[in-house]
Each structure stands twice: as C-alpha cells, then as structure tokens.
>>> print(open('entry.csv').read())   # CSV, C-alpha atoms
chain,number,residue,atom,x,y,z
A,1,MET,CA,-21.1,11.9,12.6
A,2,LYS,CA,-21.6,14.4,9.7
A,3,GLN,CA,-20.6,17.5,11.8
A,4,PRO,CA,-17.1,16.2,12.7
A,5,LEU,CA,-16.5,15.2,9.1
A,6,ILE,CA,-17.5,18.6,7.8
A,7,LEU,CA,-15.2,20.3,10.4
A,8,VAL,CA,-12.3,18.1,9.3
A,9,LEU,CA,-13.0,18.9,5.7
A,10,LEU,CA,-13.0,22.6,6.4
A,11,LEU,CA,-9.8,22.4,8.4
A,12,PHE,CA,-8.3,20.4,5.5
A,13,LEU,CA,-9.3,23.1,3.0
A,14,CYS,CA,-8.1,25.9,5.2
A,15,THR,CA,-4.7,24.3,5.6
A,16,PHE,CA,-4.4,23.7,1.9
A,17,SER,CA,-5.3,27.3,1.1
A,18,ASN,CA,-2.2,28.5,3.1
A,19,ALA,CA,0.2,26.3,1.1
A,20,GLN,CA,3.1,27.9,-0.7
A,21,GLU,CA,3.4,25.3,-3.5
A,22,TYR,CA,1.2,22.6,-5.1
A,23,ALA,CA,2.5,19.8,-7.3
A,24,VAL,CA,0.8,16.9,-9.1
A,25,GLY,CA,2.7,13.8,-10.3
A,26,ILE,CA,2.7,10.2,-11.2
A,27,LYS,CA,4.8,7.3,-9.9
A,28,ALA,CA,5.7,3.7,-10.7
A,29,GLY,CA,8.1,1.2,-9.1
A,30,LEU,CA,8.8,-2.2,-7.6
A,31,ASN,CA,8.1,-3.8,-4.2
A,32,TYR,CA,8.8,-6.7,-1.9
A,33,TYR,CA,5.8,-7.7,0.2
A,34,ASN,CA,6.2,-10.0,3.2
A,35,ILE,CA,3.5,-12.4,4.2
A,36,GLY,CA,3.2,-15.1,6.9
A,37,ASP,CA,4.4,-18.7,7.2
A,38,LEU,CA,2.3,-21.6,6.2
A,39,ASN,CA,2.0,-24.7,8.5
A,40,SER,CA,1.3,-28.1,7.0
A,41,ARG,CA,-0.8,-30.3,9.4
A,42,GLY,CA,0.6,-33.8,9.9
A,43,GLY,CA,3.4,-33.2,7.4
A,44,SER,CA,3.4,-33.7,3.7
A,45,ILE,CA,3.7,-36.8,1.6
A,46,GLN,CA,5.1,-39.2,4.1
A,47,ALA,CA,2.5,-40.7,6.5
A,48,GLY,CA,3.1,-39.7,10.1
A,49,LYS,CA,5.6,-37.0,9.3
A,50,PRO,CA,5.4,-34.1,11.8
A,51,ASP,CA,4.0,-30.7,10.9
A,52,GLU,CA,6.1,-28.6,8.6
A,53,THR,CA,6.4,-24.9,8.4
A,54,PHE,CA,6.9,-23.2,5.0
A,55,THR,CA,8.4,-19.7,4.9
A,56,PRO,CA,7.4,-17.6,1.9
A,57,ASN,CA,10.0,-16.4,-0.7
A,58,ASN,CA,9.6,-12.8,-1.8
A,59,GLU,CA,9.1,-12.1,-5.5
A,60,ILE,CA,9.2,-8.6,-7.1
A,61,GLY,CA,5.8,-6.9,-7.4
A,62,ASN,CA,5.0,-3.6,-8.9
A,63,GLN,CA,2.9,-0.5,-8.3
A,64,PHE,CA,1.9,2.7,-10.1
A,65,GLY,CA,-0.1,5.7,-9.0
A,66,ALA,CA,-0.5,9.4,-8.7
A,67,PHE,CA,0.1,12.0,-5.9
A,68,LEU,CA,-0.7,15.6,-4.8
A,69,ASN,CA,2.2,17.4,-3.1
A,70,VAL,CA,1.2,20.4,-1.0
A,71,ALA,CA,4.2,22.3,0.5
A,72,PHE,CA,4.5,24.8,3.3
A,73,GLY,CA,8.1,25.8,3.0
A,74,ASN,CA,10.2,22.7,3.9
A,75,LEU,CA,7.1,20.9,5.3
A,76,TYR,CA,4.7,19.1,2.9
A,77,ILE,CA,1.5,16.9,2.9
A,78,ARG,CA,1.3,14.3,0.2
A,79,PRO,CA,-1.9,12.2,-0.4
A,80,GLU,CA,-1.5,9.4,-2.9
A,81,ILE,CA,-3.5,6.7,-4.7
A,82,ASN,CA,-1.5,3.6,-5.7
A,83,PHE,CA,-2.5,0.4,-7.6
A,84,VAL,CA,-0.3,-2.4,-6.2
A,85,SER,CA,0.5,-6.0,-7.2
A,86,ASN,CA,2.3,-8.2,-4.7
A,87,LYS,CA,3.9,-11.7,-5.3
A,88,ASN,CA,5.3,-14.4,-3.1
A,89,ASN,CA,5.8,-18.2,-3.3
A,90,TYR,CA,6.0,-21.3,-1.1
A,91,ASP,CA,8.5,-24.0,-1.9
A,92,PHE,CA,6.4,-27.2,-1.3
A,93,PRO,CA,8.0,-30.6,-1.5
A,94,VAL,CA,6.8,-31.4,-5.0
A,95,LYS,CA,5.9,-28.0,-6.6
A,96,THR,CA,6.2,-24.3,-5.9
A,97,SER,CA,2.9,-22.5,-5.0
A,98,HIS,CA,2.6,-18.9,-6.1
A,99,TRP,CA,0.8,-16.3,-3.9
A,100,LYS,CA,-0.6,-13.1,-5.6
A,101,ALA,CA,-2.5,-10.1,-4.4
A,102,SER,CA,-3.9,-6.9,-5.9
A,103,LYS,CA,-4.9,-3.9,-3.9
A,104,MET,CA,-5.4,-0.1,-3.8
A,105,ASP,CA,-3.3,1.9,-1.3
A,106,PHE,CA,-4.3,5.4,0.0
A,107,PRO,CA,-1.3,6.9,1.9
A,108,ILE,CA,-1.5,10.3,3.6
A,109,LEU,CA,2.1,11.3,4.2
A,110,VAL,CA,3.6,14.2,6.1
A,111,GLY,CA,7.2,15.0,5.0
A,112,TYR,CA,10.0,17.4,5.7
A,113,LYS,CA,12.8,18.5,3.4
A,114,VAL,CA,15.9,18.0,5.5
A,115,PHE,CA,18.1,19.7,2.9
A,116,ASP,CA,17.8,20.0,-0.8
A,117,PRO,CA,17.2,17.5,-2.5
A,118,ILE,CA,16.5,15.0,0.4
A,119,SER,CA,13.3,14.8,2.4
A,120,ILE,CA,11.9,12.3,4.9
A,121,TYR,CA,8.2,11.5,5.6
A,122,ILE,CA,5.8,9.4,7.7
A,123,GLY,CA,2.1,8.7,7.6
A,124,PRO,CA,-0.7,6.2,7.6
A,125,SER,CA,-1.8,4.1,4.6
A,126,PHE,CA,-5.1,2.4,4.0
A,127,SER,CA,-5.2,-0.7,1.8
A,128,PHE,CA,-8.2,-2.3,0.0
A,129,PHE,CA,-7.5,-5.7,-1.5
A,130,SER,CA,-9.4,-6.7,-4.6
A,131,GLU,CA,-7.9,-10.1,-5.0
A,132,MET,CA,-5.7,-12.6,-3.1
A,133,THR,CA,-5.0,-16.1,-4.4
A,134,ILE,CA,-2.6,-19.0,-3.8
A,135,GLU,CA,-1.9,-21.8,-6.3
A,136,GLY,CA,-2.9,-25.3,-5.4
A,137,ALA,CA,-5.4,-24.6,-2.6
A,138,ASN,CA,-8.8,-26.2,-2.3
A,139,ASN,CA,-7.6,-29.3,-4.2
A,140,SER,CA,-6.9,-27.4,-7.4
A,141,THR,CA,-3.7,-27.0,-9.4
A,142,GLY,CA,-4.9,-23.5,-10.4
A,143,ALA,CA,-5.1,-20.3,-8.3
A,144,SER,CA,-7.7,-20.2,-5.6
A,145,PRO,CA,-9.0,-17.2,-3.6
A,146,ILE,CA,-7.9,-16.9,0.1
A,147,ASN,CA,-10.3,-16.1,2.9
A,148,TYR,CA,-8.7,-12.8,4.3
A,149,ASP,CA,-9.3,-9.3,5.6
A,150,LYS,CA,-9.9,-7.1,2.6
A,151,THR,CA,-9.0,-3.8,4.3
A,152,THR,CA,-5.8,-3.1,6.3
A,153,SER,CA,-4.1,-0.1,7.8
A,154,ASN,CA,-0.4,0.5,7.8
A,155,LEU,CA,2.3,2.9,8.8
A,156,ILE,CA,4.7,4.2,6.2
A,157,PHE,CA,8.1,6.0,6.6
A,158,GLY,CA,10.6,6.7,3.9
A,159,ILE,CA,13.0,9.0,2.2
A,160,GLN,CA,12.8,10.8,-1.2
A,161,VAL,CA,15.5,12.4,-3.3
A,162,GLU,CA,14.4,15.0,-5.9
A,163,PHE,CA,16.1,16.0,-9.1
A,164,LYS,CA,14.1,18.9,-10.7
A,165,ARG,CA,11.0,17.1,-12.2
A,166,PHE,CA,12.0,13.7,-11.0
A,167,GLY,CA,12.2,11.9,-7.7
A,168,VAL,CA,13.4,8.6,-6.3
A,169,ASP,CA,11.3,7.3,-3.4
A,170,LEU,CA,12.3,4.5,-1.0
A,171,ARG,CA,9.8,3.5,1.7
A,172,TYR,CA,9.0,0.9,4.3
A,173,GLU,CA,5.4,0.0,5.1
A,174,TYR,CA,4.3,-2.0,8.3
A,175,GLY,CA,0.9,-3.4,9.1
A,176,LEU,CA,-0.7,-2.1,12.3
A,177,LYS,CA,-2.5,-5.3,13.1
A,178,GLU,CA,-2.2,-9.0,12.3
A,179,THR,CA,-4.1,-10.4,9.3
A,180,GLU,CA,-6.6,-13.2,9.8
A,181,GLY,CA,-9.4,-14.9,7.9
A,182,GLU,CA,-12.8,-13.4,7.8
A,183,SER,CA,-14.1,-16.2,10.0
A,184,GLY,CA,-11.2,-16.0,12.4
A,185,ASP,CA,-9.2,-18.9,10.9
A,186,ASN,CA,-7.5,-19.4,7.6
A,187,TYR,CA,-6.6,-22.9,6.4
A,188,GLN,CA,-6.3,-24.3,2.9
A,189,ASP,CA,-6.8,-27.8,1.5
A,190,PHE,CA,-4.0,-28.2,-1.0
A,191,HIS,CA,-3.7,-30.6,-4.0
A,192,ASN,CA,-1.5,-33.1,-2.2
A,193,SER,CA,-0.3,-35.1,-5.2
A,194,ALA,CA,0.6,-32.0,-7.2
A,195,PHE,CA,2.2,-29.9,-4.4
A,196,GLY,CA,3.2,-32.4,-1.7
A,197,THR,CA,1.2,-31.0,1.1
A,198,ASN,CA,-2.4,-31.3,2.3
A,199,ILE,CA,-4.2,-29.3,5.0
A,200,THR,CA,-2.3,-26.2,5.9
A,201,ASP,CA,-2.8,-23.2,8.1
A,202,ILE,CA,-1.9,-19.7,7.0
A,203,TRP,CA,-0.7,-18.2,10.3
A,204,PRO,CA,-1.6,-14.7,11.2
A,205,TYR,CA,1.0,-12.1,10.4
A,206,LYS,CA,1.7,-8.4,10.2
A,207,PRO,CA,2.4,-7.6,6.6
A,208,SER,CA,5.2,-5.4,5.6
A,209,GLN,CA,6.5,-4.0,2.3
A,210,ILE,CA,9.6,-2.3,0.9
A,211,SER,CA,9.1,-0.3,-2.3
A,212,LEU,CA,11.2,1.8,-4.6
A,213,SER,CA,9.5,4.2,-7.0
A,214,LEU,CA,10.4,6.8,-9.6
A,215,ASN,CA,8.3,9.9,-9.3
A,216,ILE,CA,7.6,12.4,-12.1
A,217,PHE,CA,6.2,15.8,-11.3
A,218,LEU,CA,3.8,16.8,-14.1
A,219,PHE,CA,3.5,20.4,-13.0
A,220,ARG,CA,4.1,22.7,-10.0
A,221,THR,CA,2.5,26.0,-9.1
A,222,ASP,CA,2.7,28.3,-6.1
A,223,GLY,CA,0.0,29.3,-3.7
A,224,ASP,CA,-0.6,32.7,-5.3
A,225,ASP,CA,-1.5,31.0,-8.6
A,226,ILE,CA,-4.1,28.9,-6.9
A,227,ASP,CA,-5.6,31.9,-5.0
A,228,ASP,CA,-5.8,33.8,-8.2
A,229,PHE,CA,-7.5,30.9,-9.9
A,230,PHE,CA,-10.2,30.6,-7.3
A,231,SER,CA,-10.6,34.4,-7.0
A,232,LYS,CA,-11.4,34.6,-10.8
A,233,LEU,CA,-13.6,31.5,-10.6
A,234,PHE,CA,-15.8,33.0,-7.9
A,235,ARG,CA,-15.4,36.7,-8.7
A,236,LYS,CA,-19.1,37.1,-9.4
A,237,ASN,CA,-20.1,34.9,-6.5
A,238,ALA,CA,-22.3,36.7,-3.9
A,239,CYS,CA,-20.4,35.0,-1.1
A,240,ASP,CA,-18.5,37.5,1.1
A,241,CYS,CA,-15.7,35.0,1.9
A,242,LEU,CA,-13.7,36.2,-1.2
A,243,ARG,CA,-14.2,39.9,-0.8
>>> encode(input="entry.csv", output="structure tokens")
Amino acid sequence: MKQPLILVLLLFLCTFSNAQEYAVGIKAGLNYYNIGDLNSRGGSIQAGKPDETFTPNNEIGNQFGAFLNVAFGNLYIRPEINFVSNKNNYDFPVKTSHWKASKMDFPILVGYKVFDPISIYIGPSFSFFSEMTIEGANNSTGASPINYDKTTSNLIFGIQVEFKRFGVDLRYEYGLKETEGESGDNYQDFHNSAFGTNITDIWPYKPSQISLSLNIFLFRTDGDDIDDFFSKLFRKNACDCLR
C-alpha cells in the first residue's frame, strides 16, 4: 500500500514542479444544502391519521476556507480546504424543527480558463462531518445528534469569474451515494406534544449543495520563482537531482 502512495506523491510533486503559476487564496460564501424527506409513522397528532411526509426547507448556510491554485497555462489544479455550516428545517404540525450540520470539505478541482476572466472546473470532494443535529428528536425540545455517515464523497462542477485579485465562484455539489444511518436505519423519536409528530424515519437521500463564494488571491508567483526558491534552499544539498 505504501509504494503506490509514494508513486502518486512523486507524480503529484513532478506535475506541480512544471506549473507556470502558483496562487494562494482565501474564500468565504453562502450555501444551500439539500437533505432528505422525513416520514412520520402513523401520522402526527390525530390518532389513526396516515403517515405523513415532511419535505425540508432550505436555509442559508455559510462556508470559509483556503485554496492553492496551480496553473499550467489555461489549465489549473485547485485543492481546497473548507469549513462548512449547513442548515435546513422541517415544518411539523405544531413547531418547526431545525436541522444543522458542520463539516470539513476537501475538494480537488481541475479547471480550464475558457477565456479571460471565466473558467470552469470539475472534481471530487471529500466531506467529514463533525456534527449533525435535529431539534426535537429523542423526546427533547433541544437539538439532538443524528445517527449518520460521518464521511461522504461528492462530485463538484462550477464556474469562476476573476477580477485581478478577486474571484466569484458558483458551484454545484452532488453526493455520489445515498446517506444512511450507521446501523443501516435512521429513525427519530420526536417530542410529540412540542412538535406534533412522533416516530419518524429519515429517508436515505443523495445530498446536494449550491454555493456562492468570494475568493481573494493573497499572492501569485510564477514557476521560475518557485524553482529559484528550492534551488537556493537545496544549493548545498549533496543530492544530484538539483545539479
């Protein structure tokens, strides 16, 4: 397992060494995160009422992060790290229940500048959830944790418009597999008198997200500057690879 990883790392470093431009930046923005329906077993308050399905309402979440942009002419590779907060809510018969999640996203994007200043990109993203709660579950009027997959993989595609040191980024992110509880099922026992529903199932779903971000390029440098930096750094190195 170690040998393939080393080969991938060497290929990665070799590719980056041939880049024409490097850039580092920060970003922040807003998002809409889509989750699944919630099914109430046996209805809500009225005895004998049939099952009900509650569709989530999107709320505005936010994200902030940093990125490295490595350009090869019009082509570029862009790894990112983003800290994301998502929000939704369910309109239950008595009271609205708020759903919240926090996660870290690691996208690895490949883009192409169609023409200045517009570029398009696509790539995978790997999400690691640190928290996911829903209000009123497990017979509580507060926020309770949800049994869920804590890691997901997604596909991103989007468009970016750059204005010198600034950029506007619009992207769509789609889950590659359905979410499900860690034990294979995911149901919650809601506080019936407070929310108007009792035992509910959170149906499996493929999450999706639309996000809009403002990007700020902190600095840019060309490939020759990076080569000179490493040449000076290892000038007295006995390794023949820089001679």
>>> residues_around(input="entry.csv", residues="Leu176 (chain A)", least_positions_apart="4", cutoff="12 Å", atoms="only C-alpha atoms", output="list in words")
Pro124, Ser125, Phe126, Ser127, Thr151, Thr152, Ser153, Asn154, Leu155, Ile156, Tyr205, Lys206, Pro207 and Ser208 of chain A
>>> atom_distance(input="entry.csv", atom1="CA of Ala23 (chain A)", atom2="CA of Val84 (chain A)")
22.4 Å
>>> closest_atom_pairs(input="entry.csv", of="region 126-209 of chain A", to="region 48-68 of chain A", cutoff="12 Å", atoms="only C-alpha atoms", output="Markdown table")
| residue | atom | partner | partner_atom | distance |
| --- | --- | --- | --- | --- |
| A:Ile134 | CA | A:Pro56 | CA | 11.6 |
| A:Gly196 | CA | A:Glu52 | CA | 11.4 |
| A:Thr197 | CA | A:Glu52 | CA | 9.3 |
| A:Asn198 | CA | A:Asp51 | CA | 10.7 |
| A:Ile199 | CA | A:Asp51 | CA | 10.2 |
| A:Thr200 | CA | A:Glu52 | CA | 9.1 |
| A:Asp201 | CA | A:Thr53 | CA | 9.4 |
| A:Ile202 | CA | A:Phe54 | CA | 9.7 |
| A:Trp203 | CA | A:Thr53 | CA | 9.9 |
| A:Tyr205 | CA | A:Thr55 | CA | 11.9 |
| A:Ser208 | CA | A:Asn58 | CA | 11.4 |
| A:Gln209 | CA | A:Gly61 | CA | 10.1 |
>>> closest_residue(input="entry.csv", among="A:Gly73, A:Pro93, A:Gly25, A:Gly36", to="Asn186 (chain A)", atoms="all atoms listed in the file")
A:Gly36
>>> atom_distance(input="entry.csv", atom1="CA of Phe83 (chain A)", atom2="CA of Val114 (chain A)")
28.6 Å
>>> atom_distance(input="entry.csv", atom1="CA of Asp105 (chain A)", atom2="CA of Ile81 (chain A)")
5.9 Å
>>> closest_residue(input="entry.csv", among="A:Met104, A:Leu30, A:Ile120, A:Ala143", to="Glu80 (chain A)", atoms="all atoms listed in the file")
A:Met104
>>> closest_residue(input="entry.csv", among="A:Asn74, A:Ser193, A:Asn34, A:Thr179", to="Phe115 (chain A)", atoms="all atoms listed in the file")
A:Asn74
>>> residues_around(input="entry.csv", residues="Val70 (chain A)", least_positions_apart="2", cutoff="6 Å", atoms="all atoms listed in the file", output="VMD selection string")
chain A and resid 21 to 22 76 to 77
>>> closest_residue(input="entry.csv", among="A:Arg78, A:Lys103, A:Lys164, A:Arg41", to="Phe219 (chain A)", atoms="all atoms listed in the file")
A:Lys164
>>> closest_residue(input="entry.csv", among="A:Pro204, A:Gly136, A:Gly175, A:Gly123", to="Asn192 (chain A)", atoms="all atoms listed in the file")
A:Gly136
>>> closest_residue(input="entry.csv", among="A:Ile159, A:Ile146, A:Ile210, A:Ile216", to="Gly111 (chain A)", atoms="all atoms listed in the file")
A:Ile159
>>> residues_around(input="entry.csv", residues="Met132 (chain A)", least_positions_apart="5", cutoff="6 Å", atoms="all atoms listed in the file", output="number ranges by chain")
A: 100-101, 145-146
>>> build_atoms(input="entry.csv", residues="region 148-160 of chain A", atoms="N, CA and C atoms", output="PDB file, keeping the file's coordinate frame")
ATOM      1  N   TYR A 148      -9.646 -13.791   3.662  1.00  0.00           N
ATOM      2  CA  TYR A 148      -8.700 -12.800   4.300  1.00  0.00           C
ATOM      3  C   TYR A 148      -9.454 -11.511   4.546  1.00  0.00           C
ATOM      4  N   ASP A 149      -8.815 -10.661   5.372  1.00  0.00           N
ATOM      5  CA  ASP A 149      -9.300  -9.300   5.600  1.00  0.00           C
ATOM      6  C   ASP A 149      -9.045  -8.481   4.338  1.00  0.00           C
ATOM      7  N   LYS A 150     -10.074  -7.832   3.844  1.00  0.00           N
ATOM      8  CA  LYS A 150      -9.900  -7.100   2.600  1.00  0.00           C
ATOM      9  C   LYS A 150      -9.508  -5.640   2.798  1.00  0.00           C
ATOM     10  N   THR A 151      -9.480  -5.165   4.040  1.00  0.00           N
ATOM     11  CA  THR A 151      -9.000  -3.800   4.300  1.00  0.00           C
ATOM     12  C   THR A 151      -7.961  -3.891   5.455  1.00  0.00           C
ATOM     13  N   THR A 152      -6.884  -3.165   5.305  1.00  0.00           N
ATOM     14  CA  THR A 152      -5.800  -3.100   6.300  1.00  0.00           C
ATOM     15  C   THR A 152      -5.353  -1.671   6.458  1.00  0.00           C
ATOM     16  N   SER A 153      -4.765  -1.375   7.600  1.00  0.00           N
ATOM     17  CA  SER A 153      -4.100  -0.100   7.800  1.00  0.00           C
ATOM     18  C   SER A 153      -2.673  -0.275   8.142  1.00  0.00           C
ATOM     19  N   ASN A 154      -1.844   0.633   7.657  1.00  0.00           N
ATOM     20  CA  ASN A 154      -0.400   0.500   7.800  1.00  0.00           C
ATOM     21  C   ASN A 154       0.254   1.803   8.128  1.00  0.00           C
ATOM     22  N   LEU A 155       1.505   1.721   8.560  1.00  0.00           N
ATOM     23  CA  LEU A 155       2.300   2.900   8.800  1.00  0.00           C
ATOM     24  C   LEU A 155       3.479   2.924   7.864  1.00  0.00           C
ATOM     25  N   ILE A 156       3.688   4.080   7.241  1.00  0.00           N
ATOM     26  CA  ILE A 156       4.700   4.200   6.200  1.00  0.00           C
ATOM     27  C   ILE A 156       5.771   5.248   6.736  1.00  0.00           C
ATOM     28  N   PHE A 157       7.031   4.943   6.510  1.00  0.00           N
ATOM     29  CA  PHE A 157       8.100   6.000   6.600  1.00  0.00           C
ATOM     30  C   PHE A 157       9.089   5.750   5.535  1.00  0.00           C
ATOM     31  N   GLY A 158       9.668   6.854   5.034  1.00  0.00           N
ATOM     32  CA  GLY A 158      10.600   6.700   3.900  1.00  0.00           C
ATOM     33  C   GLY A 158      11.400   7.943   3.661  1.00  0.00           C
ATOM     34  N   ILE A 159      12.125   7.901   2.552  1.00  0.00           N
ATOM     35  CA  ILE A 159      13.000   9.000   2.200  1.00  0.00           C
ATOM     36  C   ILE A 159      12.859   9.217   0.666  1.00  0.00           C
ATOM     37  N   GLN A 160      12.964  10.486   0.254  1.00  0.00           N
ATOM     38  CA  GLN A 160      12.800  10.800  -1.200  1.00  0.00           C
ATOM     39  C   GLN A 160      13.951  11.775  -1.560  1.00  0.00           C
TER      40      GLN A 160
END
